[in-house]
Amino acid sequence: MNQFLTLLAEGDTSGATGGNALMGTLVSLLPIILVIVLMYFIVLRPQKKKEKEEQKMRNSMRVGDEITTIGGICGRVVTIRDDSLVIETGADRNKMTVKKWAIQSCDTVHDPKEDDDDDDDDDDI
C-alpha cells in the first residue's frame, strides 16, 4: 500500500517496476472489492426489495382490510389517514390509532383487476 502511495506521489508508473507495483496493489485490493460487491447483492439489494414491497402493501390498504401490527395486534381498518390508521379490534370493537410503519401484514387478499371491472361493461352491447 505504501508503494502505491509513493508511486502516485511520484507520478512514475511508466517503468516496469512501477507497473508491477501498481498491478500488485490492485490484485491485493481485489478481494476487498469482491466482498463489498457480494455484500451488496446478498444483503442490501434484497433488503431494499423487501422494503419496497412493504411500502407498496401499506400504501394499497383499504378500509375493511384485516391487518396485523408489528406488536401482534390484529384488527380491521376503519379510517386511513396520511401516516396513520384507525383500526377496530376485538368483539367490543375498540378503536385505536396505529402508524402505517407499524403495519406488519395485510391479511386481506386484493384482486389486482378490481379497478378494471368497469371496462368489462362494454362487452354487453
# chains A, B, ... in the order shown; residues from 1 in each chain; ligands from 1
$ select_by_dssp --residues "range 13-123 of chain A" --states "strand (DSSP E)" --output "VMD selection string"
chain A and resid 66 to 69 74 to 80 84 to 89 94 to 99 103 to 106
$ residues_around --residues "Asp107 in chain A" --least-positions-apart "6" --cutoff "10 Å" --atoms "only C-alpha atoms" --output "short mmCIF file (atom, residue, chain, number, x, y, z; two decimals) with C-alpha atoms, in the first residue's frame"
data_model
loop_
_atom_site.label_atom_id
_atom_site.label_comp_id
_atom_site.auth_asym_id
_atom_site.auth_seq_id
_atom_site.Cartn_x
_atom_site.Cartn_y
_atom_site.Cartn_z
CA ASP A 65 -58.80 -4.86 5.41
CA GLU A 66 -57.68 -7.21 8.17
CA ILE A 67 -54.19 -6.20 9.38
CA THR A 68 -51.60 -7.30 11.91
CA CYS A 74 -54.96 -7.77 14.84
CA GLY A 75 -57.78 -5.59 13.64
CA ARG A 76 -59.87 -4.20 10.79
#
$ residues_around --residues "range 44-59 of chain A" --least-positions-apart "2" --cutoff "9 Å" --atoms "only C-alpha atoms" --output "MDAnalysis selection string"
chainID A and resid 39:42 61:62 100:101 103:106
$ write_last_selection --atoms "N, CA, C and O atoms" --output "mmCIF file, in the first residue's frame"
data_model
loop_
_atom_site.group_PDB
_atom_site.id
_atom_site.type_symbol
_atom_site.label_atom_id
_atom_site.label_comp_id
_atom_site.auth_asym_id
_atom_site.auth_seq_id
_atom_site.Cartn_x
_atom_site.Cartn_y
_atom_site.Cartn_z
ATOM 1 N N MET A 39 -21.560 -8.324 -0.688
ATOM 2 C CA MET A 39 -22.413 -7.826 0.395
ATOM 3 C C MET A 39 -23.604 -7.047 -0.178
ATOM 4 O O MET A 39 -24.707 -7.136 0.332
ATOM 5 N N TYR A 40 -23.358 -6.299 -1.239
ATOM 6 C CA TYR A 40 -24.457 -5.567 -1.874
ATOM 7 C C TYR A 40 -25.513 -6.530 -2.391
ATOM 8 O O TYR A 40 -26.702 -6.358 -2.142
ATOM 9 N N PHE A 41 -25.088 -7.562 -3.124
ATOM 10 C CA PHE A 41 -26.048 -8.471 -3.741
ATOM 11 C C PHE A 41 -26.676 -9.434 -2.743
ATOM 12 O O PHE A 41 -27.781 -9.918 -2.956
ATOM 13 N N ILE A 42 -25.995 -9.733 -1.639
ATOM 14 C CA ILE A 42 -26.535 -10.685 -0.672
ATOM 15 C C ILE A 42 -27.378 -9.997 0.393
ATOM 16 O O ILE A 42 -28.402 -10.527 0.818
ATOM 17 N N MET A 61 -53.490 -0.388 1.184
ATOM 18 C CA MET A 61 -54.520 -0.828 2.132
ATOM 19 C C MET A 61 -55.814 -0.064 1.909
ATOM 20 O O MET A 61 -55.801 1.092 1.491
ATOM 21 N N ARG A 62 -56.921 -0.733 2.209
ATOM 22 C CA ARG A 62 -58.241 -0.139 2.046
ATOM 23 C C ARG A 62 -59.032 -0.294 3.339
ATOM 24 O O ARG A 62 -58.694 -1.114 4.190
ATOM 25 N N LYS A 100 -48.711 3.889 10.136
ATOM 26 C CA LYS A 100 -48.597 2.988 8.990
ATOM 27 C C LYS A 100 -47.323 2.160 9.023
ATOM 28 O O LYS A 100 -47.311 1.015 8.594
ATOM 29 N N TRP A 101 -46.220 2.733 9.537
ATOM 30 C CA TRP A 101 -44.969 1.984 9.568
ATOM 31 C C TRP A 101 -45.038 0.794 10.506
ATOM 32 O O TRP A 101 -44.207 -0.108 10.434
ATOM 33 N N ILE A 103 -47.451 -1.423 10.571
ATOM 34 C CA ILE A 103 -48.247 -2.499 9.979
ATOM 35 C C ILE A 103 -47.288 -3.559 9.448
ATOM 36 O O ILE A 103 -46.428 -3.284 8.619
ATOM 37 N N GLN A 104 -47.442 -4.783 9.952
ATOM 38 C CA GLN A 104 -46.576 -5.872 9.506
ATOM 39 C C GLN A 104 -47.153 -6.579 8.291
ATOM 40 O O GLN A 104 -46.439 -6.884 7.353
ATOM 41 N N SER A 105 -48.462 -6.838 8.323
ATOM 42 C CA SER A 105 -49.053 -7.558 7.201
ATOM 43 C C SER A 105 -50.505 -7.155 7.019
ATOM 44 O O SER A 105 -51.187 -6.776 7.962
ATOM 45 N N CYS A 106 -50.931 -7.256 5.787
ATOM 46 C CA CYS A 106 -52.337 -7.054 5.436
ATOM 47 C C CYS A 106 -52.855 -8.429 5.052
ATOM 48 O O CYS A 106 -52.404 -9.027 4.078
#
$ select_by_dssp --residues "range 7-95 of chain A" --states "alpha helix (DSSP H)" --output "number ranges by chain"
A: 7-10, 16-39, 45-59
$ atom_distance --atom1 "CA of Ser60 in chain A" --atom2 "CA of Val109 in chain A"
11.0 Å
$ atom_distance --atom1 "CA of Ser84 in chain A" --atom2 "CA of Thr97 in chain A"
6.7 Å
